[in-house]
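**Q** Just dropping this structure here.
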Amino acid sequence: MRRFDRLKEIQRLDPERDFLRIYRITATYEFPWDIARALELALYRTYAVPSIGRLLARTAELTDRSQKRYDDTALLLDAVLEHGFDSGSGRSALRRINQMHRSYDISNDDMRYVLCTFVVTPKRWLDTYGWRRLSGHELRACAAYYRALGDRMGIKDLPTAYEDFEHTLDAYEAERFGWDEGARRVSDATLDLMSSWYPRPLAPLARKAALALLDDSLIRAFRYPRPGAVSRCLTGGALRLRARTMRLLPPRTTAHYARQNPEIKGYPDGYEVSALGTFPAPGLGGCPVPHHRRSGAPTE
């Protein structure tokens with residue numbers, strides 16, 4: 001198999017009908033490392049919306065149990081990708097995702113925005129740091145995949161095409177990004193978590209590299225000092241060098257899923273999808289805010 005053979009396979013498929021197969025090839029064969037980093041950044045972006053960052057701070061999941069929250073989020077999304085929406089594991093993962101979200105008063109607009117980050121951020125990451133850019137077929141399949149996910153989560157007024165996801169994200173960030181003290185705590189905890197994945201002497205460098213990848217809108221929202229030009233140049237240069245190297249290497253012969261990532265550390269003996277995530281108990285200290293079920297939200 002040659003480097004672009006899988007892209008040729010993707011081009012033979014129908015993005016609206018075969019979106020799961022296309023997205024699975026893209027995420028697990030073509031760009032598993034890049035997609036993992038891009039989805040980390042996608043979720044991180046959401047903290048800069050004060051209503052989201054404030055809620056995450058109040059739950060304490062990302063400040064007190066950062067590794068578990070990271071693992072559970074990645075593994076639940078991974079189960080849907082690997083096994084499909086209608087499989088036993090996929091349905092179990094969707095049930096857990098919906099149960100957790102129903103425990104909190106989250107607006108449809110915030111839910112839709114988070115979904116948009118999953119579509120837009122990987123495309124923008126790969127435009128800059130990927131060994132190739134996503135094709136039109138892949139963008140259409142990605143949009144269709146997350147429309148299907150959003151529909152099963154009961155999210156209303158979903159964007160249709162990739163361009164609609166991008167417009168929705170940009171408009172929401174321009175309107176909503178801003179400072180929140182709780183969101184800053186969540187941001188700091190996330191950067192600490194990412195730094196902890198590296199040997200102790202390298203942790204400060206890892207944190208600087210992470211900050212160097214943030215655009216100015218995020219830096220302003222969290223009130224971090226603006227990274228220097230040298231830091232941004234070195235970080236971006238290292239990632240572009242990696243991309244050029246990857247382009248010269250033979251393609252992957254086996255799929256790589258998030259559950260295989262070394263950053264997943266909380267389940268060395270395995271896990272049950274139905275036991276992942278949190279189980280907030282309203283009135284018993286597990287749910288920090290009142291919640292009102294969103295109209296049309298599914299139970300599974």
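Residues in the structure tokens are named by chain (A, B, ... in the order shown) and by number from 1 within that chain; ligands are numbered from 1 in the order shown.
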Where does stretch 88-173 of chain A meet stretch 48-67 of chain A within 12 Å, residue by residue, with the nearest atom pair and distance in Å to one decimal for each, counting only C-alpha atoms, listed by chain and rising number, as a tab-separated table?

**A**
residue	atom	partner	partner_atom	distance
A:Met100	CA	A:Thr59	CA	11.4
A:His101	CA	A:Leu55	CA	11.4
A:Ser103	CA	A:Thr59	CA	10.9
A:Tyr104	CA	A:Leu55	CA	8.5
A:Asp105	CA	A:Leu55	CA	9.0
A:Ile106	CA	A:Ile52	CA	8.1
A:Ser107	CA	A:Ser51	CA	9.1
A:Asn108	CA	A:Ile52	CA	11.8
A:Asp109	CA	A:Ser51	CA	10.6
A:Asp110	CA	A:Ile52	CA	7.2
A:Met111	CA	A:Ile52	CA	9.3
A:Arg112	CA	A:Ile52	CA	11.9
A:Tyr113	CA	A:Val49	CA	9.6
A:Val114	CA	A:Ile52	CA	9.3
A:Leu169	CA	A:Val49	CA	11.4
A:Tyr172	CA	A:Val49	CA	8.8
A:Glu173	CA	A:Val49	CA	7.3

**Q** Restricted to C-alpha atoms, what would the selected residues look like written as a compact mmCIF listing (two decimals), in the first residue's frame?

**A**
# COMPACT_ATOMS: atom_id res chain seq x y z
CA MET A 100 -24.18 13.06 32.01
CA HIS A 101 -25.27 16.04 29.95
CA SER A 103 -27.59 16.19 34.75
CA TYR A 104 -26.69 19.82 34.11
CA ASP A 105 -28.42 22.89 32.78
CA ILE A 106 -26.56 23.19 29.46
CA SER A 107 -28.04 25.33 26.71
CA ASN A 108 -28.60 23.97 23.23
CA ASP A 109 -26.39 26.76 21.89
CA ASP A 110 -23.46 25.63 24.06
CA MET A 111 -23.98 21.99 23.08
CA ARG A 112 -24.06 22.90 19.40
CA TYR A 113 -20.92 25.00 19.75
CA VAL A 114 -19.00 22.13 21.40
CA LEU A 169 -18.17 28.26 15.59
CA TYR A 172 -20.19 31.95 18.68
CA GLU A 173 -16.59 32.51 19.71

**Q** Return as a tab-separated table the residues of stretch 220-271 of chain A lying at most 12 Å from stretch 1-16 of chain A, together with the closest atom-to-atom pair for each and the distance in Å to one decimal, counting only C-alpha atoms, with rows in chain order and ascending residue number.

**A**
residue	atom	partner	partner_atom	distance
A:Met246	CA	A:Arg3	CA	9.6
A:Arg247	CA	A:Arg3	CA	7.4
A:Leu248	CA	A:Arg3	CA	7.9
A:Leu249	CA	A:Arg3	CA	7.5
A:Pro250	CA	A:Arg3	CA	5.8
A:Pro251	CA	A:Arg3	CA	5.3
A:Arg252	CA	A:Arg3	CA	8.9
A:Thr253	CA	A:Met1	CA	8.4
A:Thr254	CA	A:Met1	CA	11.9

**Q** Any chance you could export the current selection's N, CA, C and O atoms as a JSON list (two decimals), in the first residue's frame?

**A**
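Writing done, so here's again_20.json:
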[["chain", "number", "residue", "atom", "x", "y", "z"],
["A", 246, "MET", "N", 6.20, 12.40, 8.25],
["A", 246, "MET", "CA", 5.09, 11.45, 8.11],
["A", 246, "MET", "C", 4.72, 11.25, 6.64],
["A", 246, "MET", "O", 4.36, 10.15, 6.23],
["A", 247, "ARG", "N", 4.80, 12.29, 5.86],
["A", 247, "ARG", "CA", 4.44, 12.20, 4.44],
["A", 247, "ARG", "C", 5.34, 11.22, 3.69],
["A", 247, "ARG", "O", 4.93, 10.59, 2.72],
["A", 248, "LEU", "N", 6.58, 11.08, 4.17],
["A", 248, "LEU", "CA", 7.55, 10.20, 3.50],
["A", 248, "LEU", "C", 7.46, 8.76, 3.99],
["A", 248, "LEU", "O", 8.02, 7.86, 3.36],
["A", 249, "LEU", "N", 6.78, 8.53, 5.12],
["A", 249, "LEU", "CA", 6.71, 7.19, 5.69],
["A", 249, "LEU", "C", 5.61, 6.38, 5.03],
["A", 249, "LEU", "O", 4.63, 6.94, 4.49],
["A", 250, "PRO", "N", 5.69, 5.05, 5.07],
["A", 250, "PRO", "CA", 4.59, 4.23, 4.55],
["A", 250, "PRO", "C", 3.35, 4.40, 5.41],
["A", 250, "PRO", "O", 3.44, 4.76, 6.59],
["A", 251, "PRO", "N", 2.17, 4.16, 4.85],
["A", 251, "PRO", "CA", 0.94, 4.35, 5.62],
["A", 251, "PRO", "C", 0.78, 3.28, 6.70],
["A", 251, "PRO", "O", 1.41, 2.22, 6.66],
["A", 252, "ARG", "N", -0.08, 3.60, 7.67],
["A", 252, "ARG", "CA", -0.40, 2.63, 8.71],
["A", 252, "ARG", "C", -1.07, 1.41, 8.09],
["A", 252, "ARG", "O", -1.84, 1.52, 7.14],
["A", 253, "THR", "N", -0.79, 0.24, 8.65],
["A", 253, "THR", "CA", -1.44, -0.99, 8.18],
["A", 253, "THR", "C", -2.55, -1.46, 9.11],
["A", 253, "THR", "O", -3.32, -2.34, 8.75],
["A", 254, "THR", "N", -2.61, -0.89, 10.32],
["A", 254, "THR", "CA", -3.68, -1.23, 11.27],
["A", 254, "THR", "C", -4.26, 0.06, 11.83],
["A", 254, "THR", "O", -3.58, 1.08, 11.95]]

**Q** Which polymer residues have any atom within 12 Å of an atom of A:Arg124, counting only C-alpha atoms, with same-chain residues fewer than 2 positions away left out, as a VMD selection string?

**A** chain A and resid 34 to 35 37 to 39 41 to 42 117 to 122 126 to 130 132 to 134 139 162 166 215

**Q** What does the structure give for the distance between atom CA of A:Pro280 and atom CA of A:Ser195, in Å to one decimal?

**A**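 These two atoms are separated by 28.4 Å.
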
**Q** I'd like the neighbourhood of A:Tyr23 as a PyMOL selection string, where a residue qualifies if any of its atoms comes within 8 Å (using only C-alpha atoms), though same-chain residues fewer than 5 positions away should be ignored.

**A** chain A and resi 138+141-142+145

**Q** Any chance you can output those residues with all heavy atoms as a PDB file, in the first residue's frame?

**A**
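out_19.pdb, written as the output of this step:
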ATOM      1  N   GLU A 138     -13.664  14.056   2.786  1.00  0.00           N
ATOM      2  CA  GLU A 138     -13.463  13.889   4.230  1.00  0.00           C
ATOM      3  C   GLU A 138     -14.195  14.965   5.027  1.00  0.00           C
ATOM      4  O   GLU A 138     -14.765  14.679   6.088  1.00  0.00           O
ATOM      5  CB  GLU A 138     -11.968  13.898   4.551  1.00  0.00           C
ATOM      6  CG  GLU A 138     -11.258  12.622   4.103  1.00  0.00           C
ATOM      7  CD  GLU A 138      -9.759  12.746   4.160  1.00  0.00           C
ATOM      8  OE1 GLU A 138      -9.209  13.679   3.545  1.00  0.00           O
ATOM      9  OE2 GLU A 138      -9.119  11.889   4.804  1.00  0.00           O
ATOM     10  N   ALA A 141     -17.845  14.058   5.029  1.00  0.00           N
ATOM     11  CA  ALA A 141     -18.081  12.906   5.895  1.00  0.00           C
ATOM     12  C   ALA A 141     -17.981  13.296   7.365  1.00  0.00           C
ATOM     13  O   ALA A 141     -18.767  12.832   8.202  1.00  0.00           O
ATOM     14  CB  ALA A 141     -17.094  11.791   5.574  1.00  0.00           C
ATOM     15  N   CYS A 142     -17.007  14.146   7.693  1.00  0.00           N
ATOM     16  CA  CYS A 142     -16.845  14.602   9.073  1.00  0.00           C
ATOM     17  C   CYS A 142     -18.083  15.366   9.527  1.00  0.00           C
ATOM     18  O   CYS A 142     -18.593  15.152  10.641  1.00  0.00           O
ATOM     19  CB  CYS A 142     -15.599  15.479   9.182  1.00  0.00           C
ATOM     20  SG  CYS A 142     -15.253  16.076  10.844  1.00  0.00           S
ATOM     21  N   TYR A 145     -20.864  12.850  10.038  1.00  0.00           N
ATOM     22  CA  TYR A 145     -20.630  12.043  11.247  1.00  0.00           C
ATOM     23  C   TYR A 145     -21.067  12.803  12.491  1.00  0.00           C
ATOM     24  O   TYR A 145     -21.789  12.273  13.345  1.00  0.00           O
ATOM     25  CB  TYR A 145     -19.155  11.669  11.337  1.00  0.00           C
ATOM     26  CG  TYR A 145     -18.800  10.881  12.579  1.00  0.00           C
ATOM     27  CD1 TYR A 145     -18.923   9.490  12.596  1.00  0.00           C
ATOM     28  CD2 TYR A 145     -18.347  11.509  13.735  1.00  0.00           C
ATOM     29  CE1 TYR A 145     -18.604   8.758  13.731  1.00  0.00           C
ATOM     30  CE2 TYR A 145     -18.029  10.778  14.873  1.00  0.00           C
ATOM     31  CZ  TYR A 145     -18.161   9.416  14.873  1.00  0.00           C
ATOM     32  OH  TYR A 145     -17.853   8.695  16.005  1.00  0.00           O
TER      33      TYR A 145
END

**Q** What is the atom CA of A:Asp18 to atom CA of A:Leu94 distance in Å?

**A** 20.1 Å

**Q** Take atom CA of A:Asp78 and atom CA of A:Ala93 and report the distance between them in Å, one decimal.

**A**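 Result for atom CA of A:Asp78 versus atom CA of A:Ala93: 8.8 Å, one decimal.
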
**Q** Report as number ranges by chain all protein, DNA and RNA residues lying within 12 Å of stretch 79-81 of chain A, evaluated on only C-alpha atoms, omitting residues in the same chain fewer than 6 positions from it.

**A** A: 19-28, 72-73, 87-97, 142, 145-146, 148-149, 152, 255-259, 271-274, 276

**Q** Those selected residues, please, written with C-alpha atoms and delivered as an mmCIF file, in the first residue's frame.

**A**
data_model
loop_
_atom_site.group_PDB
_atom_site.id
_atom_site.type_symbol
_atom_site.label_atom_id
_atom_site.label_comp_id
_atom_site.auth_asym_id
_atom_site.auth_seq_id
_atom_site.Cartn_x
_atom_site.Cartn_y
_atom_site.Cartn_z
ATOM 1 C CA PHE A 19 -19.528 8.879 6.469
ATOM 2 C CA LEU A 20 -18.709 6.499 9.327
ATOM 3 C CA ARG A 21 -16.327 4.443 7.186
ATOM 4 C CA ILE A 22 -14.663 7.571 5.787
ATOM 5 C CA TYR A 23 -14.262 9.261 9.156
ATOM 6 C CA ARG A 24 -12.950 6.035 10.691
ATOM 7 C CA ILE A 25 -10.280 5.760 7.974
ATOM 8 C CA THR A 26 -9.328 9.419 8.414
ATOM 9 C CA ALA A 27 -9.161 9.302 12.213
ATOM 10 C CA THR A 28 -7.610 5.870 12.772
ATOM 11 C CA ASP A 72 -13.554 8.957 29.962
ATOM 12 C CA THR A 73 -14.266 11.594 27.329
ATOM 13 C CA SER A 87 -23.722 -1.221 18.042
ATOM 14 C CA GLY A 88 -24.046 -2.289 21.666
ATOM 15 C CA SER A 89 -20.895 -0.401 22.685
ATOM 16 C CA GLY A 90 -21.848 2.648 20.642
ATOM 17 C CA ARG A 91 -25.327 2.823 22.145
ATOM 18 C CA SER A 92 -23.923 2.343 25.627
ATOM 19 C CA ALA A 93 -21.457 5.202 25.085
ATOM 20 C CA LEU A 94 -24.188 7.488 23.743
ATOM 21 C CA ARG A 95 -26.405 6.619 26.706
ATOM 22 C CA ARG A 96 -23.637 7.599 29.124
ATOM 23 C CA ILE A 97 -22.919 10.838 27.236
ATOM 24 C CA CYS A 142 -16.845 14.602 9.073
ATOM 25 C CA TYR A 145 -20.630 12.043 11.247
ATOM 26 C CA TYR A 146 -21.008 14.803 13.804
ATOM 27 C CA ALA A 148 -25.398 12.042 13.351
ATOM 28 C CA LEU A 149 -23.752 12.303 16.769
ATOM 29 C CA ARG A 152 -28.456 11.315 18.880
ATOM 30 C CA ALA A 255 -6.202 1.165 12.779
ATOM 31 C CA HIS A 256 -5.184 3.126 15.863
ATOM 32 C CA TYR A 257 -7.960 4.102 18.283
ATOM 33 C CA ALA A 258 -7.913 6.538 21.180
ATOM 34 C CA ARG A 259 -8.005 3.657 23.679
ATOM 35 C CA TYR A 271 -12.933 -0.807 31.358
ATOM 36 C CA GLU A 272 -16.654 -1.163 30.747
ATOM 37 C CA VAL A 273 -18.126 1.526 28.523
ATOM 38 C CA SER A 274 -21.269 1.650 30.673
ATOM 39 C CA LEU A 276 -17.273 5.419 32.174
#

**Q** Restricting the calculation to only C-alpha atoms: of A:Phe222, A:Gln260, A:Ala243, A:Arg45, which residue gets closest to A:Phe31?

**A**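 Closest to A:Phe31 of all the choices is A:Ala243.
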
**Q** Which parts of stretch 30-235 of chain A does DSSP call alpha helix (DSSP H) when run on the backbone here, written out as a VMD selection string?

**A** chain A and resid 32 to 46 50 to 59 61 to 64 66 to 83 88 to 102 108 to 129 136 to 152 162 to 176 181 to 196 203 to 212 216 to 222 229 to 235

**Q** Identify, on the basis of only C-alpha atoms, every residue whose closest approach to A:Ala209 does not exceed 8 Å; exclude the query and any residue fewer than 3 positions from it along the same chain; express the result as a ChimeraX atom specification.

**A** /A:205-206,212-213,231-232,235

**Q** For those residues, write N, CA and C atoms to a file as a PDB file, in the first residue's frame.

**A**
ATOM      1  N   LEU A 205       8.614  22.582  29.485  1.00  0.00           N
ATOM      2  CA  LEU A 205       8.675  22.799  28.040  1.00  0.00           C
ATOM      3  C   LEU A 205       7.374  22.398  27.367  1.00  0.00           C
ATOM      4  N   ALA A 206       6.773  21.306  27.853  1.00  0.00           N
ATOM      5  CA  ALA A 206       5.500  20.859  27.294  1.00  0.00           C
ATOM      6  C   ALA A 206       4.414  21.905  27.515  1.00  0.00           C
ATOM      7  N   ALA A 212       1.965  27.873  23.292  1.00  0.00           N
ATOM      8  CA  ALA A 212       2.367  28.418  21.998  1.00  0.00           C
ATOM      9  C   ALA A 212       1.388  28.034  20.884  1.00  0.00           C
ATOM     10  N   LEU A 213       0.627  26.971  21.091  1.00  0.00           N
ATOM     11  CA  LEU A 213      -0.337  26.522  20.084  1.00  0.00           C
ATOM     12  C   LEU A 213      -1.672  27.250  20.184  1.00  0.00           C
ATOM     13  N   SER A 231       9.052  30.912  20.842  1.00  0.00           N
ATOM     14  CA  SER A 231       8.331  29.736  21.325  1.00  0.00           C
ATOM     15  C   SER A 231       7.347  29.228  20.279  1.00  0.00           C
ATOM     16  N   ARG A 232       6.611  30.150  19.665  1.00  0.00           N
ATOM     17  CA  ARG A 232       5.643  29.748  18.648  1.00  0.00           C
ATOM     18  C   ARG A 232       6.349  29.197  17.405  1.00  0.00           C
ATOM     19  N   THR A 235       7.730  25.606  18.248  1.00  0.00           N
ATOM     20  CA  THR A 235       6.652  24.619  18.384  1.00  0.00           C
ATOM     21  C   THR A 235       6.037  24.309  17.028  1.00  0.00           C
TER      22      THR A 235
END

**Q** When distances are computed from only C-alpha atoms, which of A:Arg226, A:Ile219, A:Asp71, A:Ala203 shows the smallest separation from A:Pro268?

**A**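 Among A:Arg226, A:Ile219, A:Asp71, A:Ala203, it is A:Asp71 that comes nearest to A:Pro268.
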
**Q** Using only C-alpha atoms, find the one residue out of A:Lys265, A:Asp188, A:Leu193, A:Leu239 that sits nearest to A:Tyr224.

**A**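 Selected residue with least distance to A:Tyr224: A:Asp188.
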